[in-house]
$ cat my_file-v7.cif   # mmCIF, C-alpha atoms
data_start
#
loop_
_atom_site.label_atom_id
_atom_site.label_comp_id
_atom_site.auth_asym_id
_atom_site.auth_seq_id
_atom_site.Cartn_x
_atom_site.Cartn_y
_atom_site.Cartn_z
CA MET Z 265 -97.47 80.23 -111.01
CA LEU Z 266 -99.52 77.24 -112.12
CA ILE Z 267 -98.19 73.74 -111.40
CA LEU Z 268 -99.74 71.08 -113.63
CA LEU Z 269 -99.75 67.53 -112.23
CA PRO Z 270 -100.73 64.31 -113.99
CA PRO Z 271 -103.81 62.44 -112.72
CA SER Z 272 -103.63 58.89 -111.40
CA GLU Z 273 -105.42 55.71 -112.35
CA THR Z 274 -106.09 55.09 -108.66
CA LYS Z 275 -108.64 57.31 -106.99
CA THR Z 276 -110.43 57.43 -103.68
CA ASP Z 277 -114.11 56.54 -103.53
CA GLY Z 278 -116.79 58.48 -101.72
CA GLY Z 279 -116.66 62.12 -100.72
CA THR Z 280 -118.81 64.61 -98.89
CA GLY Z 281 -119.50 67.06 -101.70
CA ALA Z 282 -122.65 67.47 -103.76
CA PRO Z 283 -122.90 65.55 -107.06
CA LEU Z 284 -120.94 66.77 -110.06
CA ASP Z 285 -121.75 70.29 -111.24
CA LEU Z 286 -119.54 71.15 -114.20
CA THR Z 287 -120.39 74.83 -113.92
CA VAL Z 288 -118.42 75.20 -110.69
CA LEU Z 289 -115.18 73.78 -112.08
CA SER Z 290 -112.27 75.99 -113.06
CA TRP Z 291 -111.93 76.96 -116.72
CA PRO Z 292 -115.65 77.19 -117.55
CA GLU Z 293 -114.77 77.42 -121.24
CA LEU Z 294 -114.19 73.65 -121.06
CA THR Z 295 -117.74 72.88 -119.87
CA ASP Z 296 -119.15 71.83 -123.24
CA VAL Z 297 -116.35 69.34 -123.92
CA ARG Z 298 -116.51 68.04 -120.35
CA THR Z 299 -120.25 67.47 -120.69
CA ASP Z 300 -119.84 65.64 -123.99
CA ILE Z 301 -117.08 63.32 -122.72
CA ALA Z 302 -118.84 62.63 -119.42
CA HIS Z 303 -122.02 61.54 -121.19
CA ALA Z 304 -120.03 59.38 -123.61
CA ALA Z 305 -118.14 57.70 -120.76
CA ALA Z 306 -121.38 57.04 -118.87
CA ARG Z 307 -123.05 55.54 -121.96
CA LEU Z 308 -120.04 53.31 -122.62
CA SER Z 309 -119.95 52.06 -119.04
CA ALA Z 310 -123.59 51.00 -119.17
CA ASP Z 311 -122.27 48.05 -121.23
CA PRO Z 312 -119.66 46.48 -118.90
CA SER Z 313 -118.22 44.02 -121.41
CA THR Z 314 -117.50 46.70 -124.00
CA ALA Z 315 -116.35 49.16 -121.35
CA ALA Z 316 -113.88 46.64 -119.93
CA SER Z 317 -112.07 46.46 -123.26
CA VAL Z 318 -112.15 50.19 -123.97
CA LEU Z 319 -111.24 51.34 -120.45
CA GLY Z 320 -108.60 48.69 -119.91
CA THR Z 321 -110.01 47.18 -116.75
CA THR Z 322 -111.99 44.10 -115.79
CA LYS Z 323 -112.98 45.54 -112.44
CA ASN Z 324 -116.71 46.14 -112.52
CA ALA Z 325 -116.45 48.56 -109.61
CA GLU Z 326 -114.24 50.87 -111.66
CA ILE Z 327 -116.53 50.67 -114.68
CA GLU Z 328 -119.56 51.39 -112.50
CA ARG Z 329 -117.93 54.61 -111.34
CA ASN Z 330 -118.68 56.11 -114.76
CA THR Z 331 -122.35 55.18 -114.57
CA ARG Z 332 -122.61 57.30 -111.41
CA LEU Z 333 -120.71 60.36 -112.64
CA TRP Z 334 -123.74 62.61 -112.20
CA THR Z 335 -124.98 61.20 -108.90
CA SER Z 336 -122.01 60.13 -106.77
CA PRO Z 337 -120.51 62.47 -104.17
CA THR Z 338 -117.56 64.67 -105.02
CA ALA Z 339 -114.29 65.48 -103.27
CA PRO Z 340 -111.58 68.07 -103.95
CA ALA Z 341 -109.41 66.88 -106.83
CA ILE Z 342 -106.24 66.92 -104.72
CA GLU Z 343 -107.92 64.41 -102.37
CA ARG Z 344 -109.49 62.34 -105.15
CA TYR Z 345 -106.26 61.25 -106.85
CA THR Z 346 -103.94 58.84 -105.05
CA GLY Z 347 -100.70 56.98 -105.71
CA VAL Z 348 -96.96 57.56 -105.70
CA LEU Z 349 -96.97 61.21 -106.81
CA TYR Z 350 -99.73 62.22 -104.44
CA ASP Z 351 -98.12 60.37 -101.55
CA ALA Z 352 -94.94 62.39 -102.17
CA PHE Z 353 -96.90 65.64 -102.46
CA ASP Z 354 -98.53 64.75 -99.11
CA HIS Z 355 -101.28 67.35 -99.09
CA ARG Z 356 -102.66 66.07 -95.79
CA SER Z 357 -99.55 67.05 -93.86
CA MET Z 358 -99.61 70.64 -95.10
CA THR Z 359 -100.55 73.60 -92.97
CA ARG Z 360 -103.76 75.49 -93.63
CA ALA Z 361 -101.82 78.20 -95.45
CA GLN Z 362 -100.02 75.64 -97.60
CA ARG Z 363 -103.30 73.96 -98.49
CA ALA Z 364 -104.63 77.34 -99.59
CA LYS Z 365 -101.57 77.77 -101.79
CA THR Z 366 -102.18 74.30 -103.22
CA ARG Z 367 -105.67 75.36 -104.28
CA ASP Z 368 -104.21 78.48 -105.83
CA ARG Z 369 -101.15 77.00 -107.54
CA VAL Z 370 -101.94 73.37 -108.43
CA ALA Z 371 -104.02 71.95 -111.26
CA ILE Z 372 -104.37 68.32 -112.35
CA GLY Z 373 -104.68 67.03 -115.90
CA SER Z 374 -107.68 64.82 -116.63
CA ALA Z 375 -108.96 62.84 -119.59
CA LEU Z 376 -112.51 63.53 -118.41
CA PHE Z 377 -112.26 67.15 -117.31
CA GLY Z 378 -109.25 68.39 -119.28
CA ALA Z 379 -107.80 69.98 -116.17
CA VAL Z 380 -109.13 70.88 -112.74
CA ARG Z 381 -107.70 72.96 -109.95
CA ALA Z 382 -106.76 71.21 -106.72
CA GLY Z 383 -109.89 72.32 -104.90
CA ASP Z 384 -112.39 71.58 -107.67
CA PRO Z 385 -115.04 69.03 -106.56
CA ILE Z 386 -115.04 65.93 -108.77
CA PRO Z 387 -116.43 62.39 -108.52
CA THR Z 388 -114.40 59.23 -108.87
CA TYR Z 389 -114.19 57.95 -112.46
CA ARG Z 390 -112.31 55.71 -114.87
CA LEU Z 391 -110.89 57.28 -118.04
CA SER Z 392 -107.30 57.55 -119.22
CA GLY Z 393 -105.65 59.98 -121.58
CA GLY Z 394 -104.98 57.27 -124.15
CA THR Z 395 -108.53 55.87 -124.11
CA ARG Z 396 -110.38 55.92 -127.43
CA LEU Z 397 -114.11 56.20 -126.82
CA PRO Z 398 -116.08 54.30 -129.50
CA GLY Z 399 -117.11 56.27 -132.56
CA ARG Z 400 -115.27 59.39 -131.47
CA PRO Z 401 -111.99 61.20 -132.22
CA THR Z 402 -109.09 60.61 -129.87
CA LEU Z 403 -109.16 62.50 -126.60
CA ALA Z 404 -106.10 64.44 -127.75
CA ALA Z 405 -107.96 65.59 -130.87
CA THR Z 406 -110.97 66.51 -128.74
CA TRP Z 407 -109.13 68.39 -126.02
CA LYS Z 408 -106.24 70.08 -127.80
CA PRO Z 409 -108.19 72.92 -129.48
CA VAL Z 410 -109.68 74.10 -126.19
CA LEU Z 411 -107.49 72.85 -123.35
CA GLY Z 412 -104.14 74.18 -124.50
CA PRO Z 413 -105.38 77.76 -124.92
CA ALA Z 414 -107.21 77.63 -121.57
CA LEU Z 415 -104.09 76.54 -119.69
CA ALA Z 416 -101.79 78.89 -121.58
CA HIS Z 417 -103.81 81.85 -120.34
CA ALA Z 418 -104.01 80.54 -116.78
CA ASP Z 419 -100.83 82.17 -115.51
CA ASP Z 420 -97.64 83.87 -116.59
CA LEU Z 421 -95.54 80.92 -115.43
CA VAL Z 422 -96.63 77.30 -115.93
CA VAL Z 423 -94.64 74.35 -114.58
CA ASP Z 424 -95.91 71.32 -116.47
CA LEU Z 425 -95.20 68.07 -114.61
CA ARG Z 426 -97.81 66.07 -116.52
CA SER Z 427 -96.85 62.84 -118.27
CA GLY Z 428 -96.55 62.86 -122.04
CA VAL Z 429 -100.06 61.62 -122.84
CA TYR Z 430 -101.62 64.39 -120.75
CA GLN Z 431 -99.33 67.05 -122.17
CA GLN Z 432 -100.63 66.01 -125.59
CA LEU Z 433 -104.22 66.68 -124.50
CA GLY Z 434 -103.39 70.33 -123.94
CA PRO Z 435 -99.87 71.48 -124.82
CA VAL Z 436 -98.79 74.70 -123.12
CA PRO Z 437 -96.19 76.52 -125.23
CA GLY Z 438 -93.59 78.11 -123.02
CA ALA Z 439 -94.28 75.91 -120.01
CA ILE Z 440 -91.36 74.72 -117.90
CA THR Z 441 -91.08 70.92 -117.99
CA ALA Z 442 -89.07 68.48 -115.89
CA THR Z 443 -87.48 65.13 -116.67
CA VAL Z 444 -86.32 62.78 -113.93
CA VAL Z 445 -83.13 60.79 -114.58
CA THR Z 446 -81.05 58.45 -112.49
CA GLU Z 447 -77.27 58.78 -112.46
CA LYS Z 448 -75.17 55.64 -112.05
CA SER Z 449 -71.76 55.43 -110.38
CA ASP Z 450 -70.05 55.59 -113.78
CA GLY Z 451 -71.78 58.88 -114.57
CA SER Z 452 -74.20 57.47 -117.13
CA ARG Z 453 -77.83 58.49 -116.91
CA GLY Z 454 -81.15 56.92 -117.71
CA VAL Z 455 -84.72 58.15 -117.62
CA VAL Z 456 -86.62 57.09 -114.51
CA SER Z 457 -89.97 55.45 -115.22
CA HIS Z 458 -92.16 54.55 -112.25
CA PHE Z 459 -90.38 56.55 -109.57
CA ASN Z 460 -90.35 59.73 -111.63
CA LYS Z 461 -93.82 60.21 -110.12
CA HIS Z 462 -92.34 60.34 -106.63
CA HIS Z 463 -89.72 62.90 -107.56
CA LYS Z 464 -92.23 65.08 -109.40
CA GLY Z 465 -94.47 64.94 -106.36
CA VAL Z 466 -91.59 66.13 -104.17
CA ALA Z 467 -90.81 68.94 -106.63
CA ALA Z 468 -94.44 70.04 -106.73
CA ARG Z 469 -94.59 70.12 -102.95
CA SER Z 470 -91.48 72.29 -102.83
CA LEU Z 471 -93.07 74.74 -105.26
CA VAL Z 472 -96.18 74.97 -103.08
CA VAL Z 473 -94.67 75.25 -99.61
CA THR Z 474 -92.01 77.80 -100.57
CA ARG Z 475 -92.54 81.39 -99.52
CA ARG Z 476 -91.05 82.51 -102.81
CA ASN Z 477 -93.00 83.34 -105.93
CA PRO Z 478 -90.82 82.01 -108.77
CA ARG Z 479 -90.96 84.01 -111.97
CA ASP Z 480 -88.52 82.15 -114.21
CA ILE Z 481 -86.83 78.79 -114.68
CA ALA Z 482 -83.82 79.71 -112.53
CA ALA Z 483 -86.09 80.57 -109.61
CA VAL Z 484 -88.09 77.35 -110.09
CA ALA Z 485 -84.86 75.33 -110.08
CA ALA Z 486 -83.69 77.10 -106.91
CA VAL Z 487 -86.92 76.27 -105.07
CA ILE Z 488 -86.74 72.61 -106.09
CA ALA Z 489 -83.10 72.48 -104.98
CA ASP Z 490 -84.03 74.02 -101.64
CA GLY Z 491 -86.44 71.10 -101.24
CA GLY Z 492 -83.48 68.71 -101.26
CA GLN Z 493 -83.45 67.60 -104.89
CA ARG Z 494 -80.59 67.86 -107.35
CA VAL Z 495 -81.81 69.82 -110.33
CA GLU Z 496 -80.17 71.13 -113.50
CA ILE Z 497 -81.33 73.61 -116.11
CA ALA Z 498 -81.11 71.72 -119.40
CA GLY Z 499 -82.65 74.32 -121.67
CA GLU Z 500 -84.63 77.51 -121.79
CA ARG Z 501 -87.73 75.68 -120.56
CA GLU Z 502 -86.42 72.29 -119.43
CA LEU Z 503 -85.30 71.08 -116.00
CA VAL Z 504 -83.68 67.76 -115.17
CA VAL Z 505 -84.05 66.26 -111.71
CA VAL Z 506 -81.15 63.92 -111.04
CA THR Z 507 -81.43 60.97 -108.65
CA ASP Z 508 -78.96 58.32 -107.57
#

$ encode --input "my_file-v7.cif" --output "C-alpha cells"
Amino acid sequence: MLILLPPSETKTDGGTGAPLDLTVLSWPELTDVRTDIAHAAARLSADPSTAASVLGTTKNAEIERNTRLWTSPTAPAIERYTGVLYDAFDHRSMTRAQRAKTRDRVAIGSALFGAVRAGDPIPTYRLSGGTRLPGRPTLAATWKPVLGPALAHADDLVVDLRSGVYQQLGPVPGAITATVVTEKSDGSRGVVSHFNKHHKGVAARSLVVTRRNPRDIAAVAAVIADGGQRVEIAGERELVVVTD
C-alpha cells in the first residue's frame, strides 16, 4: 500500500542531512524534471521582487530558501513538512516499527520533487502546486506525463489523500480517494475545508500503525474506522469521512 499525502506550505528549517542529492530520492525516473524545476526555482528566487509575486509570499526568508536548494541541509520529508495534517499524523510519537512502516508506506506530493517517500532527504523550499514559473508550462503540464505513471506503478493499492492541485500534478487512475464532510444535526452535509487536513492526517496514521495490510477499499475503510473515524464507502474508489 502507498499512502499519498499533500505537502504543506509550512516547513521546518535546518536539518542534519547532507545537501540535496536528487539521485538518492525515490522514483529516479523523475530526476530530470526535478533538476529542471529546482534550477528554475533557484533562478527565480535570485530576484526577490519577482519571486515574491510568483511564489505568493513577501517573506524574504522563504524566498531565500530556494536560493539555497543545493547547499542547505536536508531532513527526512516526513519531518520537513509541518502543519495541521502532520500534527494529526504525529510521526514523532510513533514507535520505531511504526516509523519504519511510515517510510515504507507514505509518500508526499511536491511541486518541486513531484513526490518523495517519507524518508527521502529534502531541503526546505518554497513552491506550490499552483505556481506558474515564468516562461514555463504549468507545473501540472510539466509533471503529469512522468509523475502519474511513476506513482501508478508504485504499488498495487494507492490511497491518495492529496489535495486537488497535487492530484492534478500526477493523477493515479484507480487510486482510492477520501473526502471529508461535516454532518449537521439536521442530517445535511458540507465539505470540510481547513480541518479536512486534520482528519486526513488521522486516517493516514491509522493506515500506518495498523497491523493489517489492506488490499481493497473495504479493508482501507475498516482500518480507518478502527482508528475512531466514521467512514463510508461512496463508490468503487471513493471514501467519505464524516465528522460532526

$ residues_near_point --input "my_file-v7.cif" --point "(-97.7, 61.1, -103.1)" --cutoff "12 Å" --atoms "only C-alpha atoms" --output "VMD selection string"
chain Z and resid 269 to 272 274 342 to 343 345 to 357 459 to 469

$ write_last_selection --input "my_file-v7.cif" --atoms "C-alpha atoms" --output "compact mmCIF listing (two decimals), keeping the file's coordinate frame"
# COMPACT_ATOMS: atom_id res chain seq x y z
CA LEU Z 269 -99.75 67.53 -112.23
CA PRO Z 270 -100.73 64.31 -113.99
CA PRO Z 271 -103.81 62.44 -112.72
CA SER Z 272 -103.63 58.89 -111.40
CA THR Z 274 -106.09 55.09 -108.66
CA ILE Z 342 -106.24 66.92 -104.72
CA GLU Z 343 -107.92 64.41 -102.37
CA TYR Z 345 -106.26 61.25 -106.85
CA THR Z 346 -103.94 58.84 -105.05
CA GLY Z 347 -100.70 56.98 -105.71
CA VAL Z 348 -96.96 57.56 -105.70
CA LEU Z 349 -96.97 61.21 -106.81
CA TYR Z 350 -99.73 62.22 -104.44
CA ASP Z 351 -98.12 60.37 -101.55
CA ALA Z 352 -94.94 62.39 -102.17
CA PHE Z 353 -96.90 65.64 -102.46
CA ASP Z 354 -98.53 64.75 -99.11
CA HIS Z 355 -101.28 67.35 -99.09
CA ARG Z 356 -102.66 66.07 -95.79
CA SER Z 357 -99.55 67.05 -93.86
CA PHE Z 459 -90.38 56.55 -109.57
CA ASN Z 460 -90.35 59.73 -111.63
CA LYS Z 461 -93.82 60.21 -110.12
CA HIS Z 462 -92.34 60.34 -106.63
CA HIS Z 463 -89.72 62.90 -107.56
CA LYS Z 464 -92.23 65.08 -109.40
CA GLY Z 465 -94.47 64.94 -106.36
CA VAL Z 466 -91.59 66.13 -104.17
CA ALA Z 467 -90.81 68.94 -106.63
CA ALA Z 468 -94.44 70.04 -106.73
CA ARG Z 469 -94.59 70.12 -102.95

$ closest_residue --input "my_file-v7.cif" --among "Z:Ala416, Z:Leu286, Z:Ala302, Z:Ala442" --to "Gly428 of chain Z" --atoms "all atoms listed in the file"
Z:Ala442

$ resolve_selection --input "my_file-v7.cif" --expression "the PyMOL selection byres ((chain Z and resi 321) around 12)" --output "PyMOL selection string"
chain Z and resi 273-274+309+312-320+322-328+390-392+395

$ atom_distance --input "my_file-v7.cif" --atom1 "atom CA of Ile267 of chain Z" --atom2 "atom CA of Gly438 of chain Z"
13.2 Å

$ residues_around --input "my_file-v7.cif" --residues "Thr507 of chain Z" --least-positions-apart "6" --cutoff "7 Å" --atoms "all atoms listed in the file" --output "PDB file with C-alpha atoms, keeping the file's coordinate frame"
ATOM      1  CA  VAL Z 445     -83.130  60.790-114.580  1.00  0.00           C
ATOM      2  CA  THR Z 446     -81.050  58.450-112.490  1.00  0.00           C
ATOM      3  CA  GLU Z 447     -77.270  58.780-112.460  1.00  0.00           C
TER       4      GLU Z 447
END

$ decode --input "my_file-v7.cif" --residues "segment 351-472 of chain Z" --atoms "C-alpha atoms" --output "short mmCIF file (atom, residue, chain, number, x, y, z; two decimals), in the first residue's frame"
data_model
loop_
_atom_site.label_atom_id
_atom_site.label_comp_id
_atom_site.auth_asym_id
_atom_site.auth_seq_id
_atom_site.Cartn_x
_atom_site.Cartn_y
_atom_site.Cartn_z
CA ASP Z 351 0.36 17.29 13.62
CA ALA Z 352 -2.50 14.79 13.35
CA PHE Z 353 -0.24 12.16 11.76
CA ASP Z 354 2.16 12.72 14.70
CA HIS Z 355 5.16 10.83 13.36
CA ARG Z 356 7.25 11.71 16.41
CA SER Z 357 5.05 9.72 18.77
CA MET Z 358 5.29 6.54 16.70
CA THR Z 359 7.27 3.51 17.71
CA ARG Z 360 10.39 2.53 15.81
CA ALA Z 361 8.44 -0.13 13.93
CA GLN Z 362 5.70 2.34 13.02
CA ARG Z 363 8.27 4.84 11.77
CA ALA Z 364 9.72 2.12 9.56
CA LYS Z 365 6.23 1.46 8.18
CA THR Z 366 5.85 5.19 7.55
CA ARG Z 367 8.98 5.15 5.40
CA ASP Z 368 7.62 2.14 3.55
CA ARG Z 369 4.00 3.22 3.10
CA VAL Z 370 3.91 7.04 2.98
CA ALA Z 371 4.80 9.41 0.15
CA ILE Z 372 4.25 13.16 -0.05
CA GLY Z 373 3.28 15.15 -3.13
CA SER Z 374 5.53 18.06 -4.03
CA ALA Z 375 5.55 20.82 -6.62
CA LEU Z 376 9.35 20.71 -6.61
CA PHE Z 377 10.01 16.97 -6.41
CA GLY Z 378 6.78 15.51 -7.79
CA ALA Z 379 6.59 13.07 -4.91
CA VAL Z 380 9.01 11.83 -2.28
CA ARG Z 381 8.82 8.99 0.18
CA ALA Z 382 8.63 9.82 3.88
CA GLY Z 383 12.30 9.10 4.50
CA ASP Z 384 13.70 10.89 1.45
CA PRO Z 385 16.13 13.69 2.45
CA ILE Z 386 14.99 17.09 1.15
CA PRO Z 387 15.83 20.72 1.91
CA THR Z 388 13.32 23.37 2.88
CA TYR Z 389 11.85 25.25 -0.09
CA ARG Z 390 9.01 27.45 -1.30
CA LEU Z 391 6.97 26.25 -4.29
CA SER Z 392 3.28 25.43 -4.54
CA GLY Z 393 1.39 23.21 -6.93
CA GLY Z 394 -0.42 26.15 -8.48
CA THR Z 395 2.71 28.26 -9.01
CA ARG Z 396 3.47 29.27 -12.60
CA LEU Z 397 7.21 29.70 -13.05
CA PRO Z 398 7.96 32.46 -15.59
CA GLY Z 399 8.32 31.41 -19.20
CA ARG Z 400 7.39 27.81 -18.49
CA PRO Z 401 4.37 25.50 -18.79
CA THR Z 402 2.25 24.97 -15.71
CA LEU Z 403 3.59 22.55 -13.15
CA ALA Z 404 0.66 20.24 -13.92
CA ALA Z 405 1.65 20.15 -17.60
CA THR Z 406 5.27 19.52 -16.61
CA TRP Z 407 4.65 16.79 -14.06
CA LYS Z 408 1.65 14.89 -15.40
CA PRO Z 409 3.43 12.93 -18.18
CA VAL Z 410 6.00 11.49 -15.78
CA LEU Z 411 4.60 11.65 -12.26
CA GLY Z 412 1.30 9.87 -12.80
CA PRO Z 413 2.90 6.80 -14.40
CA ALA Z 414 5.60 6.67 -11.71
CA LEU Z 415 3.06 6.67 -8.89
CA ALA Z 416 0.70 4.28 -10.64
CA HIS Z 417 3.43 1.65 -10.74
CA ALA Z 418 4.47 2.26 -7.14
CA ASP Z 419 2.12 -0.24 -5.54
CA ASP Z 420 -0.95 -2.36 -6.16
CA LEU Z 421 -3.03 -0.22 -3.80
CA VAL Z 422 -2.72 3.57 -3.65
CA VAL Z 423 -4.65 5.70 -1.14
CA ASP Z 424 -4.49 9.24 -2.48
CA LEU Z 425 -5.10 11.83 0.24
CA ARG Z 426 -3.52 14.69 -1.71
CA SER Z 427 -5.45 17.90 -2.29
CA GLY Z 428 -6.86 18.55 -5.75
CA VAL Z 429 -3.99 20.66 -7.08
CA TYR Z 430 -1.47 17.95 -6.22
CA GLN Z 431 -3.63 15.18 -7.62
CA GLN Z 432 -3.59 17.12 -10.89
CA LEU Z 433 0.22 17.06 -10.95
CA GLY Z 434 0.17 13.27 -11.13
CA PRO Z 435 -3.23 11.58 -11.34
CA VAL Z 436 -3.25 7.93 -10.27
CA PRO Z 437 -6.04 6.03 -12.03
CA GLY Z 438 -7.58 3.51 -9.69
CA ALA Z 439 -6.37 5.18 -6.51
CA ILE Z 440 -8.67 5.27 -3.50
CA THR Z 441 -9.55 8.86 -2.56
CA ALA Z 442 -11.19 10.34 0.52
CA THR Z 443 -13.44 13.34 1.03
CA VAL Z 444 -14.08 14.81 4.47
CA VAL Z 445 -17.58 16.13 5.17
CA THR Z 446 -19.28 17.51 8.24
CA GLU Z 447 -22.78 16.36 9.16
CA LYS Z 448 -25.12 18.82 10.86
CA SER Z 449 -27.86 17.95 13.34
CA ASP Z 450 -30.47 18.08 10.57
CA GLY Z 451 -28.56 15.47 8.57
CA SER Z 452 -27.27 17.85 5.91
CA ARG Z 453 -23.63 17.62 4.93
CA GLY Z 454 -20.99 20.01 3.72
CA VAL Z 455 -17.40 19.60 2.58
CA VAL Z 456 -14.85 20.42 5.27
CA SER Z 457 -12.17 22.86 4.15
CA HIS Z 458 -9.36 23.63 6.59
CA PHE Z 459 -9.92 20.81 9.05
CA ASN Z 460 -10.07 18.16 6.35
CA LYS Z 461 -6.28 18.16 6.75
CA HIS Z 462 -6.61 17.04 10.36
CA HIS Z 463 -8.96 14.19 9.52
CA LYS Z 464 -6.81 13.02 6.62
CA GLY Z 465 -3.80 13.06 8.92
CA VAL Z 466 -5.67 10.86 11.40
CA ALA Z 467 -6.72 8.49 8.61
CA ALA Z 468 -3.15 8.25 7.31
CA ARG Z 469 -1.87 7.47 10.78
CA SER Z 470 -4.42 4.68 11.15
CA LEU Z 471 -3.28 3.16 7.87
CA VAL Z 472 0.34 3.20 9.05
#
